[in-house]
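Asks: Input file: protein-v1.csv. Contents: CSV, C-alpha atoms and all ligand atoms.
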chain,number,residue,atom,x,y,z
L,29,PHE,CA,-32.7,-12.6,-12.9
L,30,LEU,CA,-31.9,-12.8,-9.2
L,31,SER,CA,-32.0,-16.6,-9.3
L,32,GLN,CA,-29.1,-16.4,-11.8
L,33,ILE,CA,-26.8,-14.4,-9.5
L,34,PRO,CA,-23.7,-16.4,-8.7
L,35,TYR,CA,-22.2,-16.5,-5.2
L,36,ALA,CA,-18.9,-14.5,-5.1
L,37,GLN,CA,-16.3,-15.9,-2.7
L,38,PRO,CA,-15.5,-13.6,0.2
L,39,ASP,CA,-12.4,-11.5,0.1
L,40,PRO,CA,-9.6,-13.7,1.5
L,41,ILE,CA,-8.0,-11.1,3.7
L,42,PHE,CA,-11.2,-9.8,5.3
L,43,GLU,CA,-12.4,-13.5,5.7
L,44,LEU,CA,-9.2,-14.3,7.5
L,45,THR,CA,-9.8,-11.5,10.0
L,46,ALA,CA,-13.4,-12.8,10.5
L,47,GLU,CA,-12.1,-16.3,11.1
L,48,TYR,CA,-9.5,-15.1,13.6
L,49,ASN,CA,-12.2,-13.1,15.5
L,50,ARG,CA,-14.3,-16.3,15.7
L,51,ASP,CA,-11.4,-18.4,17.1
L,52,GLY,CA,-11.9,-18.7,20.9
L,53,SER,CA,-8.3,-19.9,21.6
L,54,THR,CA,-6.2,-17.8,24.0
L,55,LYS,CA,-3.1,-18.8,21.9
L,56,LYS,CA,-4.4,-17.2,18.7
L,57,VAL,CA,-2.1,-14.8,16.7
L,58,ASN,CA,-3.3,-12.6,13.9
L,59,LEU,CA,-0.6,-12.1,11.2
L,60,GLY,CA,-3.2,-11.6,8.4
L,61,GLN,CA,-4.5,-8.1,7.5
L,62,GLY,CA,-2.0,-5.3,7.3
L,63,ALA,CA,-2.9,-3.3,10.3
L,64,TYR,CA,-0.3,-2.0,12.8
L,65,ARG,CA,-0.4,-3.4,16.3
L,66,ASP,CA,1.6,-2.1,19.3
L,67,GLU,CA,3.9,-4.2,21.6
L,68,ASN,CA,0.8,-5.5,23.4
L,69,GLY,CA,-1.0,-6.6,20.3
L,70,MET,CA,-3.4,-3.7,20.4
L,71,PRO,CA,-4.5,-1.2,17.6
L,72,TRP,CA,-2.5,2.0,18.0
L,73,VAL,CA,-3.8,5.5,17.7
L,74,LEU,CA,-0.8,7.7,16.6
L,75,LYS,CA,0.2,10.4,19.0
L,76,SER,CA,0.1,12.9,16.2
L,77,VAL,CA,-3.5,11.8,15.4
L,78,ILE,CA,-4.5,12.3,19.1
L,79,GLN,CA,-3.1,15.9,18.8
L,80,ALA,CA,-4.9,16.5,15.5
L,81,LYS,CA,-8.2,15.2,17.0
L,82,ARG,CA,-8.1,17.9,19.7
L,83,ALA,CA,-7.2,20.5,17.1
L,84,ILE,CA,-10.2,19.8,14.8
L,85,GLU,CA,-12.8,19.4,17.6
L,86,GLY,CA,-16.0,21.3,16.7
L,87,SER,CA,-15.4,21.3,12.9
L,88,GLY,CA,-19.0,20.2,12.3
L,89,HIS,CA,-20.5,17.9,9.7
L,90,GLU,CA,-20.9,19.9,6.5
L,91,TYR,CA,-20.2,18.5,3.1
L,92,LEU,CA,-16.7,18.8,1.7
L,93,PRO,CA,-16.1,20.0,-1.8
L,94,ILE,CA,-16.4,17.2,-4.4
L,95,LEU,CA,-12.6,17.0,-4.7
L,96,GLY,CA,-12.2,17.0,-0.9
L,97,LEU,CA,-10.3,19.5,1.3
L,98,GLU,CA,-8.1,21.6,-0.8
L,99,ASP,CA,-5.5,22.0,2.0
L,100,PHE,CA,-5.4,18.2,2.3
L,101,ARG,CA,-4.8,17.7,-1.5
L,102,LYS,CA,-2.1,20.4,-1.6
L,103,GLY,CA,-0.5,18.9,1.5
L,104,CYS,CA,-0.4,15.5,-0.1
L,105,THR,CA,1.3,16.9,-3.2
L,106,LYS,CA,3.9,18.7,-1.0
L,107,LEU,CA,4.5,15.6,1.0
L,108,LEU,CA,5.2,13.6,-2.2
L,109,PHE,CA,7.4,16.1,-3.9
L,110,GLY,CA,8.6,18.7,-1.4
L,111,GLU,CA,7.6,22.4,-1.2
L,112,GLU,CA,10.3,23.5,-3.7
L,113,SER,CA,9.5,21.0,-6.4
L,114,PRO,CA,8.8,22.4,-9.9
L,115,ILE,CA,5.8,20.0,-10.0
L,116,VAL,CA,4.4,21.9,-7.0
L,117,LEU,CA,5.5,25.4,-8.0
L,118,GLU,CA,4.1,25.0,-11.6
L,119,ASN,CA,0.9,23.4,-10.3
L,120,ARG,CA,1.3,20.3,-12.5
L,121,VAL,CA,-0.9,17.9,-10.4
L,122,GLY,CA,-4.6,17.2,-10.8
L,123,SER,CA,-5.7,15.8,-7.5
L,124,SER,CA,-8.7,14.5,-5.7
L,125,GLN,CA,-9.3,13.3,-2.2
L,126,SER,CA,-10.4,9.6,-2.3
L,127,ILE,CA,-11.8,6.8,-0.3
L,128,SER,CA,-8.3,5.7,0.8
L,129,GLY,CA,-6.0,3.6,-1.4
L,130,THR,CA,-8.7,1.5,-3.0
L,131,GLY,CA,-10.9,4.5,-3.8
L,132,SER,CA,-7.8,6.3,-5.2
L,133,LEU,CA,-6.9,3.4,-7.5
L,134,HIS,CA,-10.5,3.0,-8.6
L,135,LEU,CA,-10.8,6.7,-9.4
L,136,VAL,CA,-7.6,6.5,-11.5
L,137,ALA,CA,-9.0,3.3,-13.2
L,138,ILE,CA,-12.3,4.9,-14.2
L,139,PHE,CA,-10.4,8.1,-15.3
L,140,LEU,CA,-8.2,6.0,-17.6
L,141,ALA,CA,-11.1,3.8,-18.8
L,142,ASN,CA,-13.1,6.9,-19.8
L,143,TYR,CA,-10.3,9.1,-21.1
L,144,TYR,CA,-7.4,6.9,-22.2
L,145,SER,CA,-9.4,3.8,-23.3
L,146,THR,CA,-9.6,0.2,-22.1
L,147,THR,CA,-7.8,-0.9,-25.2
L,148,HIS,CA,-4.6,-0.3,-23.2
L,149,LYS,CA,-3.6,-3.2,-21.1
L,150,VAL,CA,-2.9,-2.9,-17.4
L,151,PHE,CA,0.2,-4.7,-16.0
L,152,ILE,CA,0.4,-5.6,-12.3
L,153,PRO,CA,3.2,-7.4,-10.5
L,154,ASP,CA,3.1,-11.1,-9.9
L,155,PRO,CA,2.3,-11.4,-7.1
L,156,THR,CA,0.5,-8.2,-5.9
L,157,TRP,CA,-2.3,-7.0,-3.6
L,158,ASN,CA,-5.3,-9.0,-4.6
L,159,ASN,CA,-7.5,-5.9,-5.1
L,160,HIS,CA,-5.4,-4.6,-8.0
L,161,ARG,CA,-6.8,-7.0,-10.5
L,162,ALA,CA,-10.3,-6.6,-9.2
L,163,ILE,CA,-10.2,-2.8,-9.5
L,164,PHE,CA,-8.8,-2.6,-13.0
L,165,GLU,CA,-10.9,-5.5,-14.4
L,166,GLY,CA,-13.9,-3.9,-12.8
L,167,ALA,CA,-13.1,-0.8,-14.8
L,168,GLY,CA,-13.1,-2.8,-18.0
L,169,PHE,CA,-9.3,-3.3,-18.5
L,170,ASP,CA,-7.5,-6.4,-19.6
L,171,VAL,CA,-5.1,-7.0,-16.7
L,172,GLN,CA,-1.9,-8.9,-17.2
L,173,LEU,CA,1.0,-9.8,-14.9
L,174,TYR,CA,4.6,-8.8,-15.1
L,175,SER,CA,7.2,-11.0,-13.3
L,176,TYR,CA,8.2,-9.7,-9.9
L,177,PHE,CA,9.1,-12.5,-7.5
L,178,ASP,CA,11.6,-15.3,-7.9
L,179,SER,CA,10.2,-17.9,-5.4
L,180,HIS,CA,13.3,-20.1,-5.8
L,181,HIS,CA,15.7,-17.4,-4.5
L,182,MET,CA,13.0,-15.5,-2.5
L,183,ALA,CA,14.1,-12.3,-4.3
L,184,LEU,CA,13.2,-9.8,-6.9
L,185,TYR,CA,13.1,-11.4,-10.4
L,186,PHE,CA,14.6,-8.4,-11.9
L,187,GLU,CA,15.7,-9.8,-15.3
L,188,ARG,CA,12.3,-11.2,-15.9
L,189,LEU,CA,10.6,-8.0,-14.7
L,190,GLN,CA,12.6,-6.0,-17.2
L,191,GLU,CA,11.9,-8.5,-20.0
L,192,ASP,CA,8.2,-8.4,-19.3
L,193,LEU,CA,8.0,-4.6,-19.1
L,194,LEU,CA,9.9,-4.4,-22.4
L,195,ARG,CA,7.3,-6.7,-24.0
L,196,CYS,CA,4.4,-4.5,-22.9
L,197,PRO,CA,2.6,-2.8,-25.8
L,198,GLU,CA,3.6,0.9,-26.0
L,199,GLY,CA,1.3,3.1,-23.9
L,200,SER,CA,0.3,0.3,-21.5
L,201,ILE,CA,-0.6,1.1,-17.9
L,202,VAL,CA,1.8,-0.3,-15.3
L,203,VAL,CA,1.0,-0.5,-11.6
L,204,LEU,CA,4.1,-0.2,-9.3
L,205,HIS,CA,4.4,-0.3,-5.5
L,206,ALA,CA,6.1,2.9,-4.4
L,207,CYS,CA,7.7,1.0,-1.5
L,208,ALA,CA,7.1,-1.9,0.9
L,209,HIS,CA,5.8,-4.2,-1.9
L,210,ASN,CA,2.6,-6.0,-0.8
L,211,PRO,CA,2.9,-9.1,-0.3
L,212,THR,CA,6.6,-9.8,-0.8
L,213,GLY,CA,8.2,-6.9,1.1
L,214,ILE,CA,10.8,-6.8,-1.7
L,215,ASP,CA,11.5,-3.5,-3.4
L,216,PRO,CA,13.7,-2.7,-6.4
L,217,SER,CA,17.0,-0.9,-5.4
L,218,PHE,CA,17.6,2.7,-6.6
L,219,GLU,CA,19.6,1.4,-9.5
L,220,GLN,CA,16.8,-1.0,-10.5
L,221,TRP,CA,14.2,1.7,-10.2
L,222,LYS,CA,16.3,3.8,-12.7
L,223,LYS,CA,16.2,0.9,-15.1
L,224,ILE,CA,12.5,0.5,-14.7
L,225,GLY,CA,12.0,4.2,-15.2
L,226,LYS,CA,14.0,4.1,-18.4
L,227,ILE,CA,11.7,1.4,-19.8
L,228,VAL,CA,8.6,3.3,-18.7
L,229,LYS,CA,9.9,6.4,-20.4
L,230,ASP,CA,11.1,4.6,-23.6
L,231,LYS,CA,7.8,2.6,-24.0
L,232,HIS,CA,5.5,5.5,-23.1
L,233,LEU,CA,4.0,3.5,-20.3
L,234,PHE,CA,1.6,5.2,-17.9
L,235,PRO,CA,2.9,4.5,-14.4
L,236,ILE,CA,0.5,4.3,-11.4
L,237,PHE,CA,2.3,4.2,-8.1
L,238,ASP,CA,0.3,2.5,-5.3
L,239,ALA,CA,1.6,4.4,-2.3
L,240,ALA,CA,0.0,2.8,0.7
L,241,TYR,CA,3.1,2.3,2.9
L,242,LEU,CA,5.1,5.6,2.6
L,243,GLY,CA,7.2,5.8,5.8
L,244,PHE,CA,7.0,2.1,6.6
L,245,ASN,CA,10.3,1.1,5.0
L,246,SER,CA,12.6,3.7,6.4
L,247,GLY,CA,10.4,5.6,8.9
L,248,SER,CA,10.8,8.6,6.6
L,249,ILE,CA,8.3,9.7,3.9
L,250,ASP,CA,11.1,11.5,2.0
L,251,THR,CA,13.2,8.3,1.6
L,252,ASP,CA,10.2,6.1,0.8
L,253,CYS,CA,9.1,8.6,-2.0
L,254,TRP,CA,12.4,8.0,-3.8
L,255,ALA,CA,11.0,6.1,-6.8
L,256,ILE,CA,8.1,8.5,-7.2
L,257,ARG,CA,10.4,11.5,-7.2
L,258,TYR,CA,12.8,9.9,-9.5
L,259,PHE,CA,10.0,9.1,-12.1
L,260,PHE,CA,8.3,12.5,-11.9
L,261,HIS,CA,11.1,14.9,-11.2
L,262,ASP,CA,14.2,13.4,-12.7
L,263,LEU,CA,12.6,11.7,-15.7
L,264,ASN,CA,9.8,14.2,-16.0
L,265,LEU,CA,7.2,11.5,-16.6
L,266,THR,CA,3.5,11.8,-16.3
L,267,GLY,CA,1.5,9.3,-14.4
L,268,ALA,CA,-0.5,8.8,-11.2
L,269,VAL,CA,0.2,8.3,-7.5
L,270,CYS,CA,-2.5,6.7,-5.3
L,271,MET,CA,-2.0,7.6,-1.7
L,272,SER,CA,-3.5,6.0,1.4
L,273,PHE,CA,-3.2,7.2,5.0
L,274,SER,CA,-4.7,4.0,6.4
L,275,LYS,CA,-1.3,2.6,7.5
L,276,ASN,CA,1.0,5.5,7.9
L,277,MET,CA,-1.5,7.6,10.0
L,278,GLY,CA,-3.3,4.5,11.3
L,279,LEU,CA,-6.6,6.0,9.9
L,280,TYR,CA,-7.8,2.6,8.6
L,281,GLY,CA,-11.6,3.0,9.0
L,282,GLU,CA,-11.6,6.7,8.2
L,283,ARG,CA,-10.8,6.0,4.5
L,284,VAL,CA,-8.3,8.8,3.8
L,285,GLY,CA,-6.5,8.9,0.5
L,286,CYS,CA,-5.6,11.1,-2.4
L,287,VAL,CA,-5.2,10.7,-6.1
L,288,GLN,CA,-2.4,12.7,-7.7
L,289,ILE,CA,-2.1,12.8,-11.5
L,290,ILE,CA,1.1,14.4,-12.6
L,291,THR,CA,0.8,16.2,-15.9
L,292,ASN,CA,3.0,18.3,-18.2
L,293,THR,CA,1.4,21.7,-17.7
L,294,PHE,CA,-0.9,23.6,-15.4
L,295,ASP,CA,-3.7,23.6,-18.0
L,296,GLU,CA,-3.6,19.8,-18.3
L,297,ALA,CA,-3.7,19.5,-14.5
L,298,LYS,CA,-6.8,21.8,-14.4
L,299,ASN,CA,-8.6,19.8,-17.0
L,300,VAL,CA,-7.7,16.5,-15.3
L,301,GLU,CA,-9.0,17.8,-12.0
L,302,SER,CA,-12.3,18.8,-13.6
L,303,ILE,CA,-12.7,15.3,-14.9
L,304,LEU,CA,-11.8,13.8,-11.5
L,305,SER,CA,-14.4,16.1,-10.0
L,306,LYS,CA,-17.0,14.9,-12.5
L,307,LEU,CA,-16.3,11.2,-11.9
L,308,GLN,CA,-16.2,11.6,-8.1
L,309,ARG,CA,-19.6,13.4,-8.1
L,310,SER,CA,-21.3,10.4,-9.6
L,311,GLU,CA,-19.4,7.9,-7.5
L,312,VAL,CA,-19.4,9.2,-3.9
L,313,SER,CA,-20.6,12.8,-4.4
L,314,ASN,CA,-18.0,14.1,-2.1
L,315,PRO,CA,-15.5,12.3,0.2
L,316,PRO,CA,-15.7,11.8,4.0
L,317,ALA,CA,-14.4,14.7,6.1
L,318,TYR,CA,-13.1,13.5,9.4
L,319,GLY,CA,-10.0,11.7,8.5
L,320,ALA,CA,-8.9,14.2,5.9
L,321,ARG,CA,-9.3,17.0,8.5
L,322,LEU,CA,-7.0,15.0,10.8
L,323,ALA,CA,-4.4,14.6,8.1
L,324,THR,CA,-4.7,18.3,7.2
L,325,ALA,CA,-4.2,19.3,10.8
L,326,ILE,CA,-1.0,17.2,10.9
L,327,PHE,CA,0.3,18.7,7.6
L,328,SER,CA,-0.4,22.3,8.8
L,329,SER,CA,1.3,22.1,12.1
L,330,LYS,CA,5.1,21.9,12.5
L,331,GLU,CA,4.6,20.3,15.9
L,332,TYR,CA,2.2,17.7,14.8
L,333,MET,CA,4.3,16.9,11.7
L,334,GLN,CA,7.3,16.4,14.0
L,335,GLN,CA,5.3,14.0,16.1
L,336,TRP,CA,4.0,12.2,13.0
L,337,LYS,CA,7.7,11.6,11.9
L,338,ILE,CA,8.4,10.2,15.4
L,339,ASP,CA,5.2,8.0,15.2
L,340,LEU,CA,6.4,6.6,11.8
L,341,ARG,CA,9.7,5.7,13.3
L,342,THR,CA,8.0,4.1,16.3
L,343,MET,CA,6.0,1.8,13.9
L,344,SER,CA,8.8,1.0,11.4
L,345,CYS,CA,11.4,0.4,14.2
L,346,ARG,CA,9.1,-2.0,16.1
L,347,ILE,CA,8.3,-3.9,12.9
L,348,ASN,CA,12.1,-4.2,12.1
L,349,THR,CA,12.8,-5.4,15.6
L,350,MET,CA,10.1,-8.0,15.4
L,351,ARG,CA,11.3,-9.1,11.9
L,352,LYS,CA,14.8,-9.8,13.4
L,353,LEU,CA,13.4,-11.4,16.5
L,354,LEU,CA,11.3,-13.8,14.5
L,355,VAL,CA,14.3,-14.9,12.5
L,356,ASP,CA,16.4,-15.2,15.7
L,357,ASN,CA,13.8,-17.4,17.1
L,358,LEU,CA,13.4,-19.5,14.0
L,359,ARG,CA,17.2,-20.1,14.1
L,360,LYS,CA,17.1,-20.8,17.8
L,361,HIS,CA,14.6,-23.5,17.2
L,362,ASN,CA,16.5,-24.8,14.2
L,363,ALA,CA,13.8,-24.2,11.6
L,364,PRO,CA,15.2,-25.6,8.3
L,365,GLY,CA,16.4,-22.8,6.0
L,366,SER,CA,18.4,-19.6,6.5
L,367,TRP,CA,15.4,-17.2,6.7
L,368,VAL,CA,17.7,-14.4,5.6
L,369,HIS,CA,15.0,-13.4,3.1
L,370,VAL,CA,12.7,-12.3,5.9
L,371,ILE,CA,15.5,-10.0,7.2
L,372,ASP,CA,16.0,-8.5,3.8
L,373,GLN,CA,12.3,-7.7,3.2
L,374,ASN,CA,10.9,-4.2,3.8
L,375,GLY,CA,7.8,-2.6,5.2
L,376,MET,CA,4.8,-4.1,7.0
L,377,PHE,CA,5.0,-7.6,5.7
L,378,GLY,CA,7.1,-10.7,5.7
L,379,PHE,CA,6.8,-13.2,3.0
L,380,LEU,CA,7.8,-16.5,4.5
L,381,GLY,CA,7.8,-18.9,1.6
L,382,LEU,CA,5.6,-21.6,3.2
L,383,THR,CA,3.3,-23.9,1.3
L,384,GLU,CA,-0.5,-23.5,1.5
L,385,THR,CA,-0.6,-26.7,3.5
L,386,GLU,CA,1.9,-25.4,6.0
L,387,VAL,CA,-0.1,-22.2,6.3
L,388,LYS,CA,-3.3,-24.2,6.8
L,389,ASP,CA,-1.6,-26.3,9.5
L,390,LEU,CA,-0.5,-23.2,11.3
L,391,ARG,CA,-4.1,-22.0,11.3
L,392,LEU,CA,-5.8,-25.2,12.2
L,393,ASP,CA,-3.3,-26.7,14.6
L,394,HIS,CA,-1.8,-23.6,16.2
L,395,HIS,CA,-4.3,-20.8,15.7
L,396,ILE,CA,-1.8,-18.7,13.8
L,397,TYR,CA,-3.5,-16.7,11.0
L,398,MET,CA,-1.7,-15.5,7.8
L,399,ALA,CA,-2.6,-15.0,4.1
L,400,ALA,CA,-2.6,-18.3,2.1
L,401,ASN,CA,0.6,-17.2,0.3
L,402,SER,CA,2.4,-17.1,3.7
L,403,ARG,CA,2.5,-13.3,3.9
L,404,ILE,CA,2.6,-12.2,7.5
L,405,SER,CA,1.8,-8.8,8.9
L,406,ILE,CA,4.9,-8.4,11.1
L,407,ALA,CA,3.1,-5.9,13.3
L,408,GLY,CA,1.1,-8.8,14.7
L,409,LEU,CA,4.2,-10.1,16.4
L,410,ASN,CA,5.3,-9.0,19.8
L,411,GLU,CA,7.6,-10.2,22.6
L,412,ALA,CA,4.8,-12.3,24.1
L,413,ASN,CA,4.0,-14.4,20.9
L,414,VAL,CA,7.1,-14.3,18.7
L,415,GLU,CA,8.7,-17.4,20.2
L,416,TYR,CA,5.4,-19.3,20.0
L,417,VAL,CA,5.1,-18.4,16.3
L,418,ALA,CA,8.7,-19.4,15.5
L,419,GLN,CA,8.2,-22.7,17.3
L,420,CYS,CA,5.0,-23.5,15.4
L,421,ILE,CA,6.5,-22.5,12.1
L,422,THR,CA,9.5,-24.8,12.9
L,423,SER,CA,7.1,-27.6,13.7
L,424,VAL,CA,5.1,-27.3,10.4
L,425,VAL,CA,8.1,-27.0,8.1
L,426,SER,CA,9.9,-29.8,9.8
L,427,LYS,CA,7.0,-32.3,9.3
L,501,LIG,C1,-3.8,-5.9,3.4
L,501,LIG,O1,-3.2,-6.1,2.3
L,501,LIG,O2,-3.9,-6.7,4.3
L,501,LIG,C2,-4.4,-4.5,3.6
L,501,LIG,O3,-4.1,-3.7,2.6
L,501,LIG,C3,-5.9,-4.6,3.9
L,501,LIG,C4,-6.7,-4.8,2.6
L,501,LIG,O4,-7.5,-4.0,2.4
L,501,LIG,O5,-6.5,-5.8,1.9
Kindly return the structure encoded in the file as structure tokens.

Replies:
Amino acid sequence: FLSQIPYAQPDPIFELTAEYNRDGSTKKVNLGQGAYRDENGMPWVLKSVIQAKRAIEGSGHEYLPILGLEDFRKGCTKLLFGEESPIVLENRVGSSQSISGTGSLHLVAIFLANYYSTTHKVFIPDPTWNNHRAIFEGAGFDVQLYSYFDSHHMALYFERLQEDLLRCPEGSIVVLHACAHNPTGIDPSFEQWKKIGKIVKDKHLFPIFDAAYLGFNSGSIDTDCWAIRYFFHDLNLTGAVCMSFSKNMGLYGERVGCVQIITNTFDEAKNVESILSKLQRSEVSNPPAYGARLATAIFSSKEYMQQWKIDLRTMSCRINTMRKLLVDNLRKHNAPGSWVHVIDQNGMFGFLGLTETEVKDLRLDHHIYMAANSRISIAGLNEANVEYVAQCITSVVSK
């Protein structure tokens, strides 16, 4: 049978990083993969993480429990909902540590496939992070798109989004980006979230929040959790939150994440957790320890938490500054268009609205790497390269 195995195309984002690494040009700029870079273009270890590393020295290499570190899971729930939340006080969350955001989504996908049935469709935004489709199709679901982006106005296509969600069969599963929508950087306003929440409630949809960028919009986890809290507190909905600490703690390679399934009662949560444990055991047995220990050390210390909040602001402020500087430079070089959409976008990414050919020209002629849909990781910009990038964008769009 091996002779029948087809060749699967490499993942476009990881392939782009590999291509960038192979490029020998001194001018090259990596705006591809969503990974924070400091003002010198270097990976950044958060100060709070450096403190946590010292604190967990000597913690050894024993197995974690199947569901991961309990203090980490509980810390994640409190981070999402706050200590005084009825969800926390009534223990209405079944949780499991996971292999970052992807592992978290995958665990929820197999949980739903086994216990909710793949006859339910999964709706993901158009566009979305390319792994969403792969994860849910891989678990056996029929995956459909709901409208999200109006490419004509470079804005949220809210009317169409509402119409599409209203057309979903009752009980469908809907994937939402908690904040910092990847790839567009466009999030619903609070008023729009309220309308989405009403549809989710009325149609008994099962919401899954992909929460990979908490803290990247506003620099504050509390503010960026707004939609999650609204759905689960104010509307009292059940659903899932898939958390990743890759970006907001910079723990990319440590694979730190957490699944939170919000239920109606403590008993439901206990049962859900028993199933997560059963599924996790046959997938990865038990999750990796190091990154979760770091995150737990941060959650458990007031001092480290304070530093983490400062670190989040450091990252989100630098990204915002670069976002503005890019647009200033595009305008300075008279790049056709207003580029106001880039200023209005949130989070780690900018969605430029270039054609695939323009993106290719930037890569081949100017050594500037970005996703084919013209999503840029703003953190790849710095004082030294932003003008070069703006000049090159101007040159390809003026052709
Ligand atoms: C991205 O979208 O660039 C990141 O989330 C990295 C990834 O895994 O795709």

Asks: Could you list, as a PyMOL selection string, all residues that come within 10 Å of ligand LIG 501 (chain L)? Count only C-alpha atoms and all ligand atoms.

Replies: chain L and resi 39-42+44-45+59-63+128-130+156-159+210-211+240-241+272+274-275+280+376-377+398-399+403-405

Asks: For a quick check of understanding, using only C-alpha atoms, which of L:Ile214, L:Val312, L:Val73, L:Ala255 has the smallest distance to Tyr91 of chain L?

Replies: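 Smallest separation from Tyr91 of chain L among the options: L:Val312.
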
Asks: Using only C-alpha atoms, find the one residue out of L:Thr212, L:Ser175, L:Ser200, L:Thr383 that sits nearest to Arg188 of chain L.

Replies: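 Nearest candidate to Arg188 of chain L out of L:Thr212, L:Ser175, L:Ser200, L:Thr383: L:Ser175.
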
Asks: Report the distance between atom CA of Ser402 of chain L and atom CA of Leu380 of chain L in Å, rounded to one decimal place.

Replies: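 Separation between atom CA of Ser402 of chain L and atom CA of Leu380 of chain L: 5.5 Å.
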
Asks: Rounded to one decimal, what separation in Å do you get between atom CA of Tyr174 of chain L and atom CA of Gly381 of chain L?

Replies: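 Atom CA of Gly381 of chain L lies at a distance of 19.8 Å from atom CA of Tyr174 of chain L.
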
Asks: Just give me the gap between atom CA of Asp99 of chain L and atom CA of Cys286 of chain L in Å, one decimal is fine.

Replies: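 Atom CA of Cys286 of chain L lies 11.8 Å from atom CA of Asp99 of chain L.
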
Asks: Which is closer to Glu415 of chain L than all the others in L:Ala183, L:Leu233, L:Val57, L:Leu263, using only C-alpha atoms?

Replies: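 Distance minimum relative to Glu415 of chain L lands on L:Val57.
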
Asks: Find the residues around Phe151 of chain L up to 9 Å (all atoms listed in the file counted), leave out those fewer than 3 positions away in its own chain, and share them as a list in words.

Replies: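 Residues near the query, excluding close chain neighbours: Asp170, Val171, Gln172, Leu173, Tyr174, Leu193, Cys196, Ser200, Ile201, Val202, Val203 and Leu204 of chain L.
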
Asks: Name the closest residue to His205 of chain L among the candidates L:Asp252, L:Asp356, L:Glu85, L:Glu187; distances are taken between atoms, counting only C-alpha atoms.

Replies: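 Residue with the minimum atom-to-atom distance to His205 of chain L: L:Asp252.
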
Asks: From the list L:Val417, L:Pro114, L:Ile303, L:Asp192, which residue is nearest His361 of chain L when using all atoms listed in the file?

Replies: L:Val417

Asks: Select all residues near (4.9, 10.3, -12.8) (cut-off 8 Å, inclusive, file coordinates), counting all atoms listed in the file, and output them as a list in words.

Replies: Phe234, Pro235, Ile236, Ile256, Arg257, Phe259, Phe260, His261, Asn264, Leu265, Thr266, Gly267, Ala268, Val269, Ile289, Ile290 and Thr291 of chain L

Asks: Pick from L:Arg161, L:Arg341, L:Arg346, L:Lys106: nearest to Gly408 of chain L, with all atoms listed in the file counted?

Replies: L:Arg346

Asks: Quick one: residues within 10 Å of Gly375 of chain L, all atoms listed in the file, excluding same-chain residues fewer than 6 positions away - as a ChimeraX atom specification?

Replies: /L:207-215,241-247,343-344,347-348,351,405-407

Asks: Around the point (-1.2, -20.1, -2.6), in the coordinates given by the file, pick out the residues reaching within 6 Å, counting all atoms listed in the file, and return them as a JSON list (two decimals) with C-alpha atoms, keeping the file's coordinate frame.

Replies:
[["chain", "number", "residue", "atom", "x", "y", "z"],
["L", 384, "GLU", "CA", -0.50, -23.50, 1.50],
["L", 400, "ALA", "CA", -2.60, -18.30, 2.10],
["L", 401, "ASN", "CA", 0.60, -17.20, 0.30]]

Asks: With a distance cut-off of 10 Å and all atoms listed in the file, select the neighbouring residues of Lys222 of chain L, excluding the residue or stretch itself and same-chain residues fewer than 2 positions from it, and output the selection as a list in words.

Replies: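 The residues that qualify are Pro216, Ser217, Phe218, Glu219, Gln220, Ile224, Gly225, Lys226, Ile227, Val228, Ala255, Tyr258, Phe259, Asp262 and Leu263 of chain L.
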
Asks: Which polymer residues have any atom within 9 Å of an atom of Phe177 of chain L, counting only C-alpha atoms, with same-chain residues fewer than 2 positions away left out, as a ChimeraX atom specification?

Replies: /L:153-155,175,179-186,189,212,214
